[in-house]
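Reproduced below: final-v8.txt, with compact mmCIF, C-alpha atoms and all ligand atoms.
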# COMPACT_ATOMS: atom_id res chain seq x y z
CA MET I 16 39.67 75.44 -33.57
CA GLY I 17 41.33 73.92 -30.53
CA LEU I 18 41.75 70.25 -29.84
CA THR I 19 38.63 68.32 -30.76
CA ALA I 20 37.55 64.72 -30.37
CA THR I 21 34.66 63.75 -32.61
CA GLY I 22 32.91 60.45 -32.04
CA LEU I 23 36.26 59.19 -30.81
CA SER I 24 36.53 55.51 -29.99
CA VAL I 25 39.69 53.63 -29.14
CA SER I 26 39.84 49.84 -29.01
CA ARG I 27 42.65 47.67 -27.75
CA ALA I 28 42.89 43.92 -27.49
CA GLY I 29 39.34 43.67 -28.82
CA ARG I 30 37.84 45.94 -26.12
CA VAL I 31 36.38 49.40 -26.66
CA LEU I 32 38.19 51.54 -24.05
CA VAL I 33 37.01 54.96 -25.23
CA ASP I 34 33.54 54.93 -26.64
CA GLY I 35 32.21 57.69 -28.89
CA VAL I 36 33.68 60.69 -27.06
CA ASP I 37 32.77 64.15 -28.34
CA ALA I 38 34.77 66.89 -26.65
CA ARG I 39 36.29 70.22 -27.49
CA PHE I 40 39.29 71.55 -25.54
CA ALA I 41 40.01 75.25 -25.82
CA SER I 42 43.34 77.08 -25.75
CA GLY I 43 43.94 79.11 -22.63
CA ARG I 44 41.79 76.80 -20.52
CA ILE I 45 42.44 73.96 -18.13
CA THR I 46 40.27 70.91 -18.62
CA ALA I 47 40.35 68.06 -16.12
CA ILE I 48 39.59 64.54 -17.33
CA LEU I 49 38.08 62.71 -14.38
CA GLY I 50 36.60 59.31 -13.69
CA PRO I 51 37.16 56.12 -11.74
CA ASN I 52 40.05 53.71 -12.25
CA GLY I 53 39.82 52.08 -15.65
CA ALA I 54 37.36 54.67 -17.02
CA GLY I 55 39.57 55.30 -20.05
CA LYS I 56 41.16 58.63 -19.01
CA SER I 57 44.75 57.75 -19.94
CA THR I 58 43.62 56.08 -23.15
CA LEU I 59 41.68 59.20 -24.12
CA LEU I 60 44.64 61.45 -23.30
CA LYS I 61 47.00 59.32 -25.40
CA ALA I 62 44.57 59.40 -28.31
CA LEU I 63 44.28 63.20 -27.97
CA ALA I 64 48.08 63.37 -28.15
CA GLY I 65 48.00 61.31 -31.35
CA LEU I 66 49.78 58.41 -29.68
CA LEU I 67 46.97 55.88 -30.09
CA PRO I 68 44.92 55.45 -33.24
CA ALA I 69 41.16 55.91 -33.23
CA SER I 70 39.06 52.88 -34.07
CA ALA I 71 36.20 55.25 -34.97
CA GLY I 72 35.88 59.02 -35.18
CA GLY I 73 39.03 61.04 -34.63
CA VAL I 74 40.99 63.92 -33.14
CA SER I 75 41.81 67.20 -34.84
CA LEU I 76 44.01 70.09 -33.84
CA ASP I 77 42.90 73.45 -35.20
CA GLY I 78 40.91 71.61 -37.83
CA GLN I 79 43.75 69.33 -38.96
CA PRO I 80 43.40 65.58 -38.30
CA ILE I 81 46.04 64.68 -35.75
CA GLY I 82 47.02 61.57 -37.71
CA ALA I 83 47.92 63.73 -40.70
CA MET I 84 50.56 65.67 -38.74
CA THR I 85 54.17 64.47 -38.77
CA PRO I 86 55.38 63.17 -35.38
CA ARG I 87 57.78 66.14 -35.18
CA GLU I 88 55.06 68.68 -35.86
CA ARG I 89 52.83 66.99 -33.31
CA ALA I 90 55.63 66.95 -30.74
CA ARG I 91 56.22 70.65 -31.27
CA ARG I 92 52.61 71.49 -30.62
CA ILE I 93 51.62 68.92 -28.03
CA GLY I 94 53.58 68.17 -24.87
CA TYR I 95 52.51 64.84 -23.38
CA LEU I 96 53.40 63.70 -19.88
CA PRO I 97 52.59 60.02 -19.32
CA GLN I 98 51.27 58.67 -16.05
CA ASP I 99 54.11 56.25 -15.56
CA GLY I 100 57.21 58.27 -14.65
CA THR I 101 59.64 55.50 -15.55
CA VAL I 102 63.04 56.66 -16.72
CA HIS I 103 65.36 54.06 -18.21
CA TRP I 104 68.42 56.14 -19.01
CA ASN I 105 70.42 57.58 -16.18
CA LEU I 106 70.89 60.99 -17.79
CA MET I 107 71.83 64.11 -15.92
CA VAL I 108 68.65 66.01 -15.10
CA ARG I 109 69.57 69.01 -17.29
CA ASP I 110 70.21 66.69 -20.27
CA LEU I 111 66.89 64.93 -19.74
CA VAL I 112 65.02 68.24 -19.62
CA ALA I 113 66.90 69.36 -22.74
CA LEU I 114 65.36 66.41 -24.62
CA GLY I 115 62.15 68.45 -24.50
CA ARG I 116 63.77 70.79 -27.05
CA MET I 117 64.41 68.01 -29.60
CA PRO I 118 61.28 68.67 -31.71
CA HIS I 119 62.59 72.21 -32.24
CA ARG I 120 66.21 71.52 -33.14
CA SER I 121 68.40 69.57 -35.47
CA PRO I 122 69.96 66.60 -33.67
CA TYR I 123 73.28 67.57 -35.24
CA ALA I 124 73.39 71.22 -34.16
CA ALA I 125 74.36 72.50 -30.75
CA PRO I 126 71.46 73.83 -28.69
CA SER I 127 70.79 77.52 -29.32
CA ALA I 128 70.74 80.16 -26.59
CA HIS I 129 66.94 80.01 -26.90
CA ASP I 130 66.97 76.23 -26.28
CA GLU I 131 69.19 76.68 -23.24
CA GLN I 132 67.01 79.45 -21.88
CA ALA I 133 63.89 77.28 -22.30
CA VAL I 134 65.58 74.48 -20.34
CA GLU I 135 66.67 76.79 -17.51
CA GLN I 136 63.20 78.31 -17.30
CA ALA I 137 61.57 74.87 -17.17
CA LEU I 138 63.94 73.82 -14.37
CA ASP I 139 63.11 77.01 -12.51
CA ALA I 140 59.35 76.62 -13.05
CA THR I 141 59.40 73.16 -11.49
CA ASP I 142 61.85 74.06 -8.70
CA THR I 143 64.39 71.55 -9.99
CA THR I 144 67.35 73.84 -10.80
CA HIS I 145 69.19 72.50 -7.76
CA LEU I 146 68.83 68.97 -9.19
CA ALA I 147 70.14 69.84 -12.67
CA ASP I 148 73.52 68.14 -12.24
CA ARG I 149 72.20 65.00 -10.56
CA PRO I 150 71.75 61.65 -12.38
CA VAL I 151 68.01 61.28 -12.79
CA LEU I 152 67.88 57.76 -11.30
CA THR I 153 69.11 59.14 -7.98
CA LEU I 154 66.05 61.38 -7.54
CA SER I 155 63.05 60.70 -5.32
CA GLY I 156 59.72 59.92 -7.00
CA GLY I 157 58.39 63.45 -6.50
CA GLU I 158 61.63 65.05 -7.70
CA ARG I 159 61.59 62.86 -10.80
CA ALA I 160 57.95 63.74 -11.50
CA ARG I 161 58.83 67.45 -11.47
CA VAL I 162 61.83 66.88 -13.74
CA LEU I 163 59.66 64.99 -16.24
CA LEU I 164 57.20 67.88 -16.21
CA ALA I 165 60.13 70.26 -16.78
CA ARG I 166 61.05 68.26 -19.86
CA VAL I 167 57.56 68.80 -21.28
CA LEU I 168 57.54 72.50 -20.35
CA ALA I 169 60.94 72.99 -22.00
CA GLY I 170 59.33 72.28 -25.37
CA ARG I 171 56.95 75.21 -24.81
CA PRO I 172 54.13 73.39 -26.55
CA ASP I 173 50.77 75.01 -27.35
CA TRP I 174 49.09 72.06 -25.64
CA LEU I 175 50.00 70.35 -22.40
CA LEU I 176 48.44 66.92 -22.01
CA VAL I 177 49.42 65.66 -18.59
CA ASP I 178 48.41 62.41 -16.96
CA GLU I 179 48.15 62.57 -13.17
CA PRO I 180 51.02 65.03 -12.71
CA LEU I 181 50.31 65.30 -8.97
CA ALA I 182 50.40 61.60 -8.11
CA SER I 183 53.75 61.52 -6.30
CA LEU I 184 53.90 65.13 -5.13
CA ASP I 185 53.52 66.45 -1.60
CA PRO I 186 50.70 68.98 -1.02
CA ALA I 187 52.95 72.01 -1.48
CA TYR I 188 54.35 70.79 -4.81
CA GLN I 189 50.85 69.78 -5.92
CA LEU I 190 49.80 73.41 -5.57
CA ASP I 191 53.01 74.60 -7.26
CA VAL I 192 52.50 72.33 -10.25
CA LEU I 193 48.86 73.35 -10.57
CA ALA I 194 49.90 77.01 -10.40
CA ARG I 195 52.45 76.35 -13.15
CA LEU I 196 49.80 74.69 -15.33
CA ARG I 197 47.44 77.61 -14.66
CA ALA I 198 50.20 80.02 -15.66
CA ALA I 199 50.69 78.06 -18.89
CA GLY I 200 46.95 78.35 -19.51
CA GLN I 201 46.99 82.07 -18.83
CA ALA I 202 49.86 82.39 -21.30
CA GLY I 203 47.59 80.80 -23.93
CA ALA I 204 48.37 77.08 -23.78
CA GLY I 205 45.57 74.55 -23.74
CA VAL I 206 45.95 72.29 -20.70
CA VAL I 207 44.27 68.90 -20.41
CA LEU I 208 45.04 66.98 -17.26
CA VAL I 209 43.95 63.69 -15.79
CA LEU I 210 43.30 64.06 -12.08
CA HIS I 211 42.00 61.92 -9.25
CA ASP I 212 41.79 64.67 -6.65
CA LEU I 213 38.33 66.13 -7.14
CA SER I 214 38.97 69.05 -4.74
CA LEU I 215 42.01 70.12 -6.73
CA ALA I 216 40.07 69.64 -9.97
CA LEU I 217 37.34 71.99 -8.70
CA ARG I 218 39.92 74.45 -7.55
CA THR I 219 41.98 74.45 -10.73
CA ALA I 220 40.04 73.40 -13.79
CA ASP I 221 37.90 75.67 -15.93
CA ALA I 222 36.19 72.67 -17.45
CA ALA I 223 35.80 69.01 -16.63
CA LEU I 224 35.05 65.85 -18.58
CA LEU I 225 33.83 63.00 -16.43
CA LEU I 226 34.30 59.55 -17.94
CA ALA I 227 32.86 56.22 -16.90
CA GLY I 228 33.22 53.02 -18.88
CA GLY I 229 34.90 54.94 -21.71
CA LYS I 230 31.91 57.23 -22.22
CA VAL I 231 31.34 60.85 -21.22
CA LEU I 232 29.07 60.95 -18.20
CA ALA I 233 29.15 64.74 -17.80
CA ALA I 234 31.00 67.65 -19.37
CA GLY I 235 31.03 71.38 -18.80
CA SER I 236 32.35 73.79 -16.21
CA ALA I 237 34.05 71.99 -13.34
CA ASP I 238 31.44 73.04 -10.77
CA THR I 239 28.51 71.87 -12.88
CA VAL I 240 30.16 68.52 -13.56
CA LEU I 241 31.33 67.82 -10.02
CA THR I 242 28.04 67.55 -8.17
CA PRO I 243 27.31 64.94 -5.50
CA GLN I 244 24.94 63.24 -7.97
CA THR I 245 27.43 62.84 -10.84
CA ILE I 246 30.21 61.86 -8.44
CA ALA I 247 27.99 59.20 -6.89
CA GLN I 248 27.10 57.91 -10.34
CA ALA I 249 30.69 57.81 -11.58
CA TYR I 250 32.59 56.69 -8.50
CA GLY I 251 29.94 55.05 -6.32
CA VAL I 252 30.76 57.22 -3.31
CA GLU I 253 28.70 59.68 -1.33
CA VAL I 254 30.44 63.03 -1.07
CA GLU I 255 29.99 66.44 0.39
CA VAL I 256 30.87 69.28 -1.98
CA GLY I 257 31.46 72.56 -0.21
CA ARG I 258 33.66 75.57 0.26
CA THR I 259 35.94 76.53 3.11
CA ALA I 260 35.41 79.83 4.91
CA GLY I 261 38.06 81.23 2.57
CA GLY I 262 36.08 80.10 -0.48
CA ILE I 263 38.28 77.15 -1.48
CA PRO I 264 36.15 74.32 -2.90
CA TYR I 265 36.45 70.81 -1.55
CA VAL I 266 34.98 67.37 -2.15
CA LEU I 267 34.92 65.07 0.87
CA SER I 268 34.09 61.37 0.46
CA SER I 269 31.91 60.13 3.27
CA GLU I 270 30.76 56.69 2.27
CA ARG I 271 30.96 54.05 -0.42
CA LEU I 272 27.53 53.51 -1.94
N1 LIG X 301 46.92 48.01 -24.04
C1 LIG X 301 45.78 47.64 -23.48
N2 LIG X 301 45.20 46.45 -23.77
C2 LIG X 301 44.07 46.05 -23.18
N3 LIG X 301 43.39 46.78 -22.26
C3 LIG X 301 43.92 47.96 -21.93
C4 LIG X 301 45.13 48.47 -22.51
N4 LIG X 301 45.38 49.68 -21.97
C5 LIG X 301 44.38 49.91 -21.09
N5 LIG X 301 43.51 48.88 -21.07
C6 LIG X 301 42.29 48.80 -20.24
O1 LIG X 301 41.47 49.88 -20.63
C7 LIG X 301 40.76 50.41 -19.51
C8 LIG X 301 41.03 51.91 -19.44
O2 LIG X 301 42.41 52.11 -19.10
P1 LIG X 301 42.98 53.56 -18.80
O3 LIG X 301 44.41 53.38 -18.44
O4 LIG X 301 42.64 54.44 -19.94
O5 LIG X 301 42.10 53.96 -17.54
P2 LIG X 301 42.21 55.19 -16.56
O6 LIG X 301 40.87 55.82 -16.50
O7 LIG X 301 43.35 56.05 -16.95
O8 LIG X 301 42.50 54.43 -15.19
P3 LIG X 301 43.37 54.79 -13.87
O9 LIG X 301 42.59 55.81 -13.10
O10 LIG X 301 43.38 53.47 -13.14
O11 LIG X 301 44.74 55.25 -14.29
C9 LIG X 301 41.22 49.62 -18.31
O12 LIG X 301 40.25 48.64 -18.05
C10 LIG X 301 42.52 48.97 -18.76
O13 LIG X 301 42.73 47.72 -18.12
Please rewrite the model in this file as structure tokens.
Amino acid sequence: MGLTATGLSVSRAGRVLVDGVDARFASGRITAILGPNGAGKSTLLKALAGLLPASAGGVSLDGQPIGAMTPRERARRIGYLPQDGTVHWNLMVRDLVALGRMPHRSPYAAPSAHDEQAVEQALDATDTTHLADRPVLTLSGGERARVLLARVLAGRPDWLLVDEPLASLDPAYQLDVLARLRAAGQAGAGVVLVLHDLSLALRTADAALLLAGGKVLAAGSADTVLTPQTIAQAYGVEVEVGRTAGGIPYVLSSERL
């Protein structure tokens, strides 16, 4: 059960970008996909969401091959937030967030009270209610990132696959978004997130998958994966891994190796 990659490889333009990945993601847990630039994190996440085909192996959700699901069924179960927060249509924020309900409704019917409630809750969860009547192209980068997350949350998917959701957020909103993802996990959702901030990964994730060159370098609980040795191997930097007096874990880069 859960979301499983088995011998998963993904090739594009003649290059193998994800190479024989075996991984199992469990519901109710947060798994961080980590690794240096170009390691294949986004490619793996897209393949897990069923948005890129496998060139070998595959992905299954609760035992069902992801490619055998209809796009609508997949969209109901898996919420995917891409890394690139580009928005082309200048919709009102509330209307954009309401698009997250589309897998659950008929395009011809008016949204139900349940749909509207899901949208309002997603706006509230991302602290974007005050932006609801603004055109989305007028928002700042961090505001837009939260609105795009609200759109995914509005679908109330069983799985949240989110690619660098913290990239344009200030430190306070980074903690808010991580708290929201943790709350989704506690409510039973499976959360898989691509992160660059190793301190926040240690602080937030139950499990970690460290990629390098498209392959899994280490996998397991976040604190067993994020050791100075594996970090040095993956990123080529010397780090100190420690805890503050209050017990908050941190990873501090000291030198490029
Ligand atoms: N459509 C594509 N065609 C060819 N190469 C691609 C394509 N998409 C990605 N790549 C390459 O695949 C590799 C992995 O890309 P990916 O975006 O998965 O990395 P990443 O780990 O998410 O990186 P980052 O931390 O920089 O976001 C990179 O070398 C990238 O240039």
Pick out the residues sitting within 12 Å of I:Leu232, and hand them over as a PDB file with C-alpha atoms, in the frame of the given file; count all atoms listed in the file, and ignore anything fewer than 2 positions along from it in its own chain.
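To be explicit, this is the file written out as result18.pdb:
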ATOM      1  CA  ASP I  34      33.540  54.930 -26.640  1.00  0.00           C
ATOM      2  CA  GLY I  35      32.210  57.690 -28.890  1.00  0.00           C
ATOM      3  CA  VAL I  36      33.680  60.690 -27.060  1.00  0.00           C
ATOM      4  CA  ASP I  37      32.770  64.150 -28.340  1.00  0.00           C
ATOM      5  CA  ALA I  38      34.770  66.890 -26.650  1.00  0.00           C
ATOM      6  CA  ILE I  48      39.590  64.540 -17.330  1.00  0.00           C
ATOM      7  CA  LEU I  49      38.080  62.710 -14.380  1.00  0.00           C
ATOM      8  CA  GLY I  50      36.600  59.310 -13.690  1.00  0.00           C
ATOM      9  CA  PRO I  51      37.160  56.120 -11.740  1.00  0.00           C
ATOM     10  CA  ALA I  54      37.360  54.670 -17.020  1.00  0.00           C
ATOM     11  CA  ALA I 223      35.800  69.010 -16.630  1.00  0.00           C
ATOM     12  CA  LEU I 224      35.050  65.850 -18.580  1.00  0.00           C
ATOM     13  CA  LEU I 225      33.830  63.000 -16.430  1.00  0.00           C
ATOM     14  CA  LEU I 226      34.300  59.550 -17.940  1.00  0.00           C
ATOM     15  CA  ALA I 227      32.860  56.220 -16.900  1.00  0.00           C
ATOM     16  CA  GLY I 228      33.220  53.020 -18.880  1.00  0.00           C
ATOM     17  CA  GLY I 229      34.900  54.940 -21.710  1.00  0.00           C
ATOM     18  CA  LYS I 230      31.910  57.230 -22.220  1.00  0.00           C
ATOM     19  CA  ALA I 234      31.000  67.650 -19.370  1.00  0.00           C
ATOM     20  CA  GLY I 235      31.030  71.380 -18.800  1.00  0.00           C
ATOM     21  CA  VAL I 240      30.160  68.520 -13.560  1.00  0.00           C
ATOM     22  CA  LEU I 241      31.330  67.820 -10.020  1.00  0.00           C
ATOM     23  CA  GLN I 244      24.940  63.240  -7.970  1.00  0.00           C
ATOM     24  CA  THR I 245      27.430  62.840 -10.840  1.00  0.00           C
ATOM     25  CA  ILE I 246      30.210  61.860  -8.440  1.00  0.00           C
ATOM     26  CA  ALA I 247      27.990  59.200  -6.890  1.00  0.00           C
ATOM     27  CA  GLN I 248      27.100  57.910 -10.340  1.00  0.00           C
ATOM     28  CA  ALA I 249      30.690  57.810 -11.580  1.00  0.00           C
ATOM     29  CA  TYR I 250      32.590  56.690  -8.500  1.00  0.00           C
TER      30      TYR I 250
END
Please identify every residue of chain I that has at least one atom no farther than 10 Å from an atom of ligand LIG 301 (chain X), counting all atoms listed in the file, and for each give the shortest atom pair and the distance in Å to one decimal, arranged by chain then increasing number, as CSV.
residue,atom,partner,partner_atom,distance
I:Val25,CA,X:LIG301,O1,9.5
I:Ser26,CA,X:LIG301,C2,8.1
I:Arg27,CA,X:LIG301,N2,4.9
I:Ala28,CA,X:LIG301,C2,5.0
I:Gly29,CA,X:LIG301,C2,7.7
I:Arg30,CA,X:LIG301,N3,6.8
I:Val31,CA,X:LIG301,O1,7.9
I:Leu32,CA,X:LIG301,O1,5.0
I:Val33,CA,X:LIG301,C8,7.7
I:Ile48,CA,X:LIG301,O6,8.9
I:Leu49,CA,X:LIG301,O6,7.7
I:Gly50,CA,X:LIG301,O6,6.2
I:Pro51,CA,X:LIG301,O9,5.6
I:Asn52,CA,X:LIG301,O9,3.4
I:Gly53,CA,X:LIG301,O5,3.5
I:Ala54,CA,X:LIG301,O6,3.7
I:Gly55,CA,X:LIG301,O4,3.2
I:Lys56,CA,X:LIG301,O6,3.8
I:Ser57,CA,X:LIG301,O7,3.7
I:Thr58,CA,X:LIG301,O4,3.7
I:Leu59,CA,X:LIG301,O4,6.4
I:Leu60,CA,X:LIG301,O4,8.0
I:Lys61,CA,X:LIG301,O4,8.5
I:Ala62,CA,X:LIG301,O4,9.9
I:Leu67,CA,X:LIG301,N1,9.9
I:Gln98,CA,X:LIG301,O11,7.6
I:Asp99,CA,X:LIG301,O11,9.5
I:Asp178,CA,X:LIG301,O7,8.1
I:Glu179,CA,X:LIG301,O11,8.2
I:Val209,CA,X:LIG301,O7,7.8
I:Leu210,CA,X:LIG301,O9,8.3
I:His211,CA,X:LIG301,O9,7.2
I:Leu226,CA,X:LIG301,O6,7.7
I:Ala227,CA,X:LIG301,O6,8.0
I:Gly228,CA,X:LIG301,C8,7.9
I:Gly229,CA,X:LIG301,C8,7.2
Give me, as a PyMOL selection string, all polymer residues having an atom no more than 8 Å from I:Arg218, counting only C-alpha atoms and skipping those fewer than 2 positions away in the same chain. chain I and resi 214-216+220+263-265
A straight line from atom CA of I:Ala64 to atom CA of I:Gly94 spans 8.0 Å
Write out as a short mmCIF file (atom, residue, chain, number, x, y, z; two decimals) with C-alpha atoms, keeping the file's coordinate frame each polymer residue whose atoms come within 6 Å of I:Gly203, counting only C-alpha atoms; drop sequence neighbours fewer than 2 positions from it.
data_model
loop_
_atom_site.label_atom_id
_atom_site.label_comp_id
_atom_site.auth_asym_id
_atom_site.auth_seq_id
_atom_site.Cartn_x
_atom_site.Cartn_y
_atom_site.Cartn_z
CA SER I 42 43.34 77.08 -25.75
CA GLY I 43 43.94 79.11 -22.63
CA GLY I 200 46.95 78.35 -19.51
CA GLN I 201 46.99 82.07 -18.83
#
Find the residue from I:Leu181, I:Ala140, I:Ala113, I:Leu193 that sits nearest to I:Ser127; use all atoms listed in the file when measuring.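 Among I:Leu181, I:Ala140, I:Ala113, I:Leu193, it is I:Ala113 that comes nearest to I:Ser127.
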